[in-house]
>>> print(open('data_32.txt').read())   # compact mmCIF, C-alpha atoms
# COMPACT_ATOMS: atom_id res chain seq x y z
CA LEU A 1 80.74 102.31 97.46
CA ALA A 2 83.64 102.86 95.11
CA LYS A 3 86.74 100.82 95.88
CA THR A 4 90.10 102.53 95.55
CA THR A 5 93.50 101.11 94.67
CA GLN A 6 96.76 102.92 95.31
CA PRO A 7 100.42 101.89 95.60
CA ILE A 8 101.45 100.47 98.95
CA SER A 9 104.55 102.62 99.22
CA MET A 10 106.66 105.24 97.46
CA ASP A 11 110.09 106.72 98.08
CA SER A 12 111.26 110.20 97.21
CA TYR A 13 113.95 112.74 98.04
CA GLU A 14 113.61 116.18 99.46
CA GLY A 15 112.77 118.83 96.88
CA GLN A 16 111.23 116.43 94.41
CA GLU A 17 107.64 116.43 93.21
CA VAL A 18 105.68 113.34 94.25
CA ASN A 19 102.66 112.06 92.38
CA ILE A 20 100.47 109.39 93.95
CA THR A 21 97.85 107.86 91.71
CA CYS A 22 94.64 106.27 92.90
CA SER A 23 92.33 104.09 90.82
CA HIS A 24 88.58 104.19 91.42
CA ASN A 25 86.95 102.49 88.45
CA ASN A 26 83.50 102.26 90.05
CA ILE A 27 83.21 105.90 91.06
CA ALA A 28 79.60 107.10 91.09
CA THR A 29 78.30 110.26 89.50
CA ASN A 30 77.85 112.05 92.81
CA ASP A 31 81.13 110.87 94.37
CA TYR A 32 83.90 113.24 95.33
CA ILE A 33 87.57 112.26 95.61
CA THR A 34 89.23 113.09 98.90
CA TRP A 35 92.81 112.68 100.08
CA TYR A 36 93.99 112.47 103.67
CA GLN A 37 97.46 112.44 105.24
CA GLN A 38 98.30 110.50 108.39
CA PHE A 39 101.38 110.68 110.58
CA PRO A 40 102.20 107.86 113.02
CA SER A 41 99.99 107.77 116.12
CA GLN A 42 97.82 110.62 114.85
CA GLY A 43 94.47 110.81 113.14
CA PRO A 44 94.31 111.48 109.40
CA ARG A 45 94.21 115.06 108.21
CA PHE A 46 92.27 116.30 105.20
CA ILE A 47 94.52 117.44 102.35
CA ILE A 48 92.37 118.10 99.32
CA GLN A 49 89.09 117.20 97.66
CA GLY A 50 87.86 117.42 94.09
CA TYR A 51 85.17 116.34 91.69
CA LYS A 52 86.73 116.82 88.25
CA THR A 53 89.65 118.45 86.40
CA LYS A 54 92.18 120.07 88.69
CA VAL A 55 92.08 121.40 92.22
CA THR A 56 94.96 123.19 93.89
CA ASN A 57 95.46 124.45 97.41
CA GLU A 58 98.42 125.59 99.45
CA VAL A 59 99.76 122.09 100.05
CA ALA A 60 98.83 119.94 97.05
CA SER A 61 97.18 119.59 93.67
CA LEU A 62 94.64 117.01 92.63
CA PHE A 63 94.35 115.98 89.01
CA ILE A 64 91.22 114.16 87.86
CA PRO A 65 90.84 113.03 84.23
CA ALA A 66 87.57 113.36 82.37
CA ASP A 67 86.48 109.76 83.02
CA ARG A 68 87.15 110.21 86.77
CA LYS A 69 88.30 106.59 87.08
CA SER A 70 91.56 107.68 88.62
CA SER A 71 93.08 110.68 90.34
CA THR A 72 96.59 111.88 91.11
CA LEU A 73 97.69 113.69 94.23
CA SER A 74 100.67 115.90 93.50
CA LEU A 75 102.93 117.13 96.29
CA PRO A 76 105.34 119.80 95.05
CA ARG A 77 108.87 119.86 96.43
CA VAL A 78 108.42 117.40 99.29
CA SER A 79 110.30 117.70 102.55
CA LEU A 80 111.12 115.18 105.26
CA SER A 81 107.96 116.23 107.09
CA ASP A 82 105.85 114.93 104.22
CA THR A 83 106.76 111.38 105.20
CA ALA A 84 103.36 109.91 106.03
CA VAL A 85 100.60 107.63 104.80
CA TYR A 86 98.31 109.10 102.16
CA TYR A 87 94.76 107.84 101.71
CA CYS A 88 92.51 108.23 98.69
CA LEU A 89 88.77 107.95 99.30
CA VAL A 90 85.65 108.37 97.21
CA GLY A 91 82.16 109.14 98.42
CA GLY A 92 79.24 111.52 98.10
CA LEU A 93 78.22 114.49 100.21
CA THR A 94 75.32 112.97 102.13
CA TYR A 95 73.76 112.76 105.54
CA ASN A 96 72.80 109.11 105.28
CA THR A 97 74.52 105.77 105.52
CA ASP A 98 77.24 106.48 102.97
CA LYS A 99 80.68 106.40 104.44
CA LEU A 100 84.27 106.81 103.45
CA ILE A 101 86.49 103.75 103.63
CA PHE A 102 90.13 104.28 104.45
CA GLY A 103 92.07 101.60 102.58
CA THR A 104 95.69 100.67 103.11
CA GLY A 105 96.92 104.01 101.80
CA THR A 106 100.31 104.83 100.28
CA ARG A 107 103.24 105.07 102.63
CA LEU A 108 105.49 107.88 101.38
CA GLN A 109 109.05 107.96 102.63
CA VAL A 110 111.04 111.11 101.92
CA PHE A 111 114.82 110.86 102.18
CA PRO A 112 117.34 113.69 102.67
CA GLU B 1 94.01 122.29 117.42
CA THR B 2 91.44 120.29 115.50
CA GLY B 3 88.42 121.04 117.65
CA VAL B 4 88.01 117.35 118.50
CA THR B 5 89.25 116.22 121.89
CA GLN B 6 89.59 112.73 123.27
CA THR B 7 90.15 111.48 126.79
CA PRO B 8 92.03 109.69 128.08
CA ARG B 9 95.01 109.84 125.74
CA HIS B 10 96.41 106.60 127.12
CA LEU B 11 94.62 103.73 128.83
CA VAL B 12 95.85 100.43 130.20
CA MET B 13 93.21 97.98 131.31
CA GLY B 14 92.80 94.37 132.24
CA MET B 15 90.49 92.04 130.40
CA THR B 16 87.91 92.16 133.18
CA ASN B 17 87.81 95.94 133.51
CA LYS B 18 85.14 98.31 132.28
CA LYS B 19 86.23 101.66 130.94
CA SER B 20 84.92 104.38 128.66
CA LEU B 21 86.53 106.56 126.04
CA LYS B 22 85.21 110.07 125.58
CA CYS B 23 85.18 112.29 122.53
CA GLU B 24 83.98 115.87 122.28
CA GLN B 25 83.76 118.09 119.24
CA HIS B 26 83.47 121.86 119.32
CA LEU B 27 82.85 122.33 115.60
CA GLY B 28 79.07 122.19 115.42
CA HIS B 29 79.19 119.04 113.32
CA ASN B 30 76.34 116.60 112.87
CA ALA B 31 78.25 113.35 112.43
CA MET B 32 80.73 111.58 114.69
CA TYR B 33 82.79 108.44 114.20
CA TRP B 34 84.81 105.87 116.09
CA TYR B 35 87.75 104.25 114.28
CA LYS B 36 90.20 101.58 115.39
CA GLN B 37 93.75 101.46 114.11
CA SER B 38 95.94 98.51 115.04
CA ALA B 39 99.67 98.56 114.46
CA LYS B 40 100.51 98.82 110.76
CA LYS B 41 96.91 98.21 109.73
CA PRO B 42 94.39 100.42 107.95
CA LEU B 43 91.83 102.44 109.81
CA GLU B 44 88.76 100.41 110.64
CA LEU B 45 85.46 102.26 110.91
CA MET B 46 83.61 101.02 113.99
CA PHE B 47 80.61 103.30 114.41
CA VAL B 48 79.02 106.31 112.76
CA TYR B 49 76.48 108.64 114.30
CA SER B 50 74.66 111.13 112.13
CA LEU B 51 72.34 113.61 113.84
CA GLU B 52 72.71 111.49 116.99
CA GLU B 53 71.35 108.37 115.31
CA ARG B 54 73.65 105.41 114.75
CA VAL B 55 73.71 104.73 111.04
CA GLU B 56 76.45 102.15 110.69
CA ASN B 57 77.64 99.20 112.67
CA ASN B 58 80.37 97.24 110.99
CA SER B 59 79.84 94.04 112.93
CA VAL B 60 81.95 95.28 115.79
CA PRO B 61 82.08 92.89 118.79
CA SER B 62 79.52 93.62 121.48
CA ARG B 63 82.28 94.28 124.00
CA PHE B 64 82.42 97.71 122.33
CA SER B 65 79.34 99.80 123.01
CA PRO B 66 78.95 103.34 121.63
CA GLU B 67 76.86 106.11 123.07
CA CYS B 68 76.04 109.49 121.58
CA PRO B 69 74.01 111.56 124.06
CA ASN B 70 74.13 114.68 121.88
CA SER B 71 75.79 115.91 118.72
CA SER B 72 78.88 117.12 120.57
CA HIS B 73 79.72 114.06 122.61
CA LEU B 74 80.54 110.48 121.77
CA PHE B 75 81.52 107.65 124.10
CA LEU B 76 82.90 104.19 123.55
CA HIS B 77 82.20 101.87 126.46
CA LEU B 78 84.62 98.98 126.81
CA HIS B 79 84.14 95.76 128.76
CA THR B 80 85.84 92.38 128.87
CA LEU B 81 88.25 93.32 126.12
CA GLN B 82 90.86 91.03 124.62
CA PRO B 83 94.57 91.74 124.14
CA GLU B 84 93.98 91.97 120.38
CA ASP B 85 91.79 95.00 121.06
CA SER B 86 94.91 96.98 121.92
CA ALA B 87 95.07 99.75 119.36
CA LEU B 88 94.75 103.47 118.73
CA TYR B 89 91.09 104.51 118.93
CA LEU B 90 90.30 107.61 116.95
CA CYS B 91 87.24 109.80 117.09
CA ALA B 92 86.27 112.06 114.22
CA SER B 93 83.50 114.46 113.35
CA SER B 94 82.17 116.00 110.15
CA GLN B 95 79.36 118.24 108.99
CA GLY B 96 77.73 115.32 107.21
CA THR B 97 78.78 111.76 106.52
CA SER B 98 80.67 110.33 103.55
CA ALA B 99 82.66 112.91 101.61
CA TYR B 100 82.41 115.71 104.12
CA GLU B 101 85.82 116.50 105.61
CA GLN B 102 86.43 114.54 108.78
CA PHE B 103 88.28 116.15 111.65
CA PHE B 104 90.09 113.67 113.84
CA GLY B 105 90.96 113.80 117.50
CA PRO B 106 94.40 112.86 118.85
CA GLY B 107 93.28 109.34 119.70
CA THR B 108 93.37 107.10 122.76
CA ARG B 109 96.17 104.57 122.89
CA LEU B 110 94.58 101.50 124.50
CA THR B 111 96.54 98.59 125.90
CA VAL B 112 94.68 95.52 127.12
CA LEU B 113 96.68 93.26 129.39
>>> encode(input="data_32.txt", output="structure tokens")
Amino acid sequence: LAKTTQPISMDSYEGQEVNITCSHNNIATNDYITWYQQFPSQGPRFIIQGYKTKVTNEVASLFIPADRKSSTLSLPRVSLSDTAVYYCLVGGLTYNTDKLIFGTGTRLQVFP
Amino acid sequence: ETGVTQTPRHLVMGMTNKKSLKCEQHLGHNAMYWYKQSAKKPLELMFVYSLEERVENNSVPSRFSPECPNSSHLFLHLHTLQPEDSALYLCASSQGTSAYEQFFGPGTRLTVL
């Protein structure tokens, strides 16, 4: 399983764009990159998933370079409610013993 | 509303008690998970069931015993727990394992005295 590395914490201010980068040097050909958001005392919530290039949805964008060894989650114009822990995971779409490992994540603190 | 419910939401138990946590998913998913999250620590995957068969056991102590009677229900039976087992226990479900989107329940906050 691919191991991921991401910054422990980041600070930002309301209205700014936040980019969180995740390294996954050992990503496999059939692995997807998935990001989750977790608020205190709640379960993680799926944000976005991609395989290559760029994916955008209503809350975030995911940028994946051609070598797929890293990815960047981009949160446009963050607000105080975006303060949370963000997890980057890699894994394939399977029905077998593969699993996603939630690492330490990146703790994002948004200030007024 | 995530479609995954957990009961109870809070549980306080002594070290000699036996209790069970229940999880139910209404999403038609084929995989269910138990996670443990201690204070300021990463999520720890405890058990995975795919198509009602347990496919992963991450060397969790035997005082935790999972049960998956069908694809919609998942239990975690607890006995002779230790204070260090106090944590938030989260259940999740997904269509398949691995990269399929996991939907999490609200969790059970467990305190072992």
>>> atom_distance(input="data_32.txt", atom1="atom CA of Ala87 of chain B", atom2="atom CA of Ser20 of chain B")
14.5 Å
>>> interface_residues(input="data_32.txt", of="chain B", to="chain A", cutoff="9 Å", atoms="only C-alpha atoms", output="VMD selection string")
chain B and resid 30 to 31 41 to 45 48 50 to 51 55 to 56 88 90 to 92 95 to 107 109
>>> atom_distance(input="data_32.txt", atom1="atom CA of Ser65 of chain B", atom2="atom CA of Gln82 of chain B")
14.6 Å
>>> residues_around(input="data_32.txt", residues="Glu17 of chain A", least_positions_apart="6", cutoff="6 Å", atoms="all atoms listed in the file", output="PyMOL selection string")
chain A and resi 75-77
>>> atom_distance(input="data_32.txt", atom1="atom CA of Asp85 of chain B", atom2="atom CA of Gln109 of chain A")
28.4 Å
>>> closest_residue(input="data_32.txt", among="B:Tyr89, B:Trp34, B:Phe64, B:Phe75", to="Met46 of chain B", atoms="all atoms listed in the file")
B:Trp34
>>> residues_around(input="data_32.txt", residues="segment 52-60 of chain A", least_positions_apart="2", cutoff="7 Å", atoms="all atoms listed in the file", output="PyMOL selection string")
chain A and resi 50+62-66+68+73-76
>>> build_atoms(input="data_32.txt", residues="segment 67-91 of chain A", atoms="N, CA, C and O atoms", output="compact mmCIF listing (two decimals), in the coordinates of the input")
# COMPACT_ATOMS: atom_id res chain seq x y z
N ASP A 67 87.28 110.94 82.67
CA ASP A 67 86.48 109.76 83.02
C ASP A 67 86.38 109.53 84.53
O ASP A 67 85.61 108.67 84.98
N ARG A 68 87.15 110.24 85.30
CA ARG A 68 87.15 110.21 86.77
C ARG A 68 87.45 108.83 87.34
O ARG A 68 87.20 108.58 88.52
N LYS A 69 88.00 107.94 86.58
CA LYS A 69 88.30 106.59 87.08
C LYS A 69 89.62 106.53 87.82
O LYS A 69 90.01 105.48 88.34
N SER A 70 90.33 107.61 87.84
CA SER A 70 91.56 107.68 88.62
C SER A 70 91.77 109.13 89.05
O SER A 70 91.08 110.03 88.57
N SER A 71 92.70 109.32 89.94
CA SER A 71 93.08 110.68 90.34
C SER A 71 94.53 110.65 90.79
O SER A 71 95.06 109.58 91.16
N THR A 72 95.19 111.79 90.72
CA THR A 72 96.59 111.88 91.11
C THR A 72 96.78 113.02 92.09
O THR A 72 96.43 114.17 91.79
N LEU A 73 97.31 112.69 93.24
CA LEU A 73 97.69 113.69 94.23
C LEU A 73 99.11 114.11 93.94
O LEU A 73 100.00 113.26 93.83
N SER A 74 99.34 115.39 93.79
CA SER A 74 100.67 115.90 93.50
C SER A 74 101.16 116.76 94.66
O SER A 74 100.50 117.74 95.04
N LEU A 75 102.31 116.38 95.21
CA LEU A 75 102.93 117.13 96.29
C LEU A 75 104.18 117.81 95.74
O LEU A 75 105.15 117.12 95.39
N PRO A 76 104.19 119.12 95.64
CA PRO A 76 105.34 119.80 95.05
C PRO A 76 106.48 119.92 96.05
O PRO A 76 106.26 120.25 97.22
N ARG A 77 107.69 119.63 95.62
CA ARG A 77 108.87 119.86 96.43
C ARG A 77 108.69 119.32 97.87
O ARG A 77 108.62 120.08 98.83
N VAL A 78 108.66 118.00 97.98
CA VAL A 78 108.42 117.40 99.29
C VAL A 78 109.60 117.64 100.23
O VAL A 78 110.74 117.82 99.81
N SER A 79 109.28 117.60 101.51
CA SER A 79 110.30 117.70 102.55
C SER A 79 110.19 116.47 103.45
O SER A 79 109.27 115.65 103.29
N LEU A 80 111.12 116.34 104.37
CA LEU A 80 111.12 115.18 105.26
C LEU A 80 109.80 115.09 106.03
O LEU A 80 109.32 113.99 106.32
N SER A 81 109.20 116.22 106.32
CA SER A 81 107.96 116.23 107.09
C SER A 81 106.75 115.74 106.31
O SER A 81 105.67 115.58 106.88
N ASP A 82 106.93 115.50 105.03
CA ASP A 82 105.85 114.93 104.22
C ASP A 82 105.82 113.41 104.30
O ASP A 82 104.93 112.77 103.71
N THR A 83 106.77 112.82 104.99
CA THR A 83 106.76 111.38 105.20
C THR A 83 105.53 111.01 106.01
O THR A 83 105.36 111.45 107.15
N ALA A 84 104.65 110.21 105.41
CA ALA A 84 103.36 109.91 106.03
C ALA A 84 102.65 108.87 105.17
O ALA A 84 103.15 108.45 104.13
N VAL A 85 101.47 108.49 105.61
CA VAL A 85 100.60 107.63 104.80
C VAL A 85 99.52 108.51 104.18
O VAL A 85 98.93 109.36 104.86
N TYR A 86 99.28 108.31 102.90
CA TYR A 86 98.31 109.10 102.16
C TYR A 86 97.16 108.20 101.70
O TYR A 86 97.38 107.17 101.08
N TYR A 87 95.95 108.62 102.03
CA TYR A 87 94.76 107.84 101.71
C TYR A 87 93.92 108.54 100.65
O TYR A 87 93.68 109.75 100.73
N CYS A 88 93.44 107.76 99.72
CA CYS A 88 92.51 108.23 98.69
C CYS A 88 91.14 107.62 99.00
O CYS A 88 91.04 106.41 99.23
N LEU A 89 90.12 108.44 99.03
CA LEU A 89 88.77 107.95 99.30
C LEU A 89 87.78 108.55 98.32
O LEU A 89 87.99 109.66 97.84
N VAL A 90 86.72 107.82 98.03
CA VAL A 90 85.65 108.37 97.21
C VAL A 90 84.32 108.21 97.93
O VAL A 90 84.09 107.21 98.60
N GLY A 91 83.47 109.19 97.79
CA GLY A 91 82.16 109.14 98.42
C GLY A 91 81.40 110.42 98.12
O GLY A 91 81.98 111.42 97.72
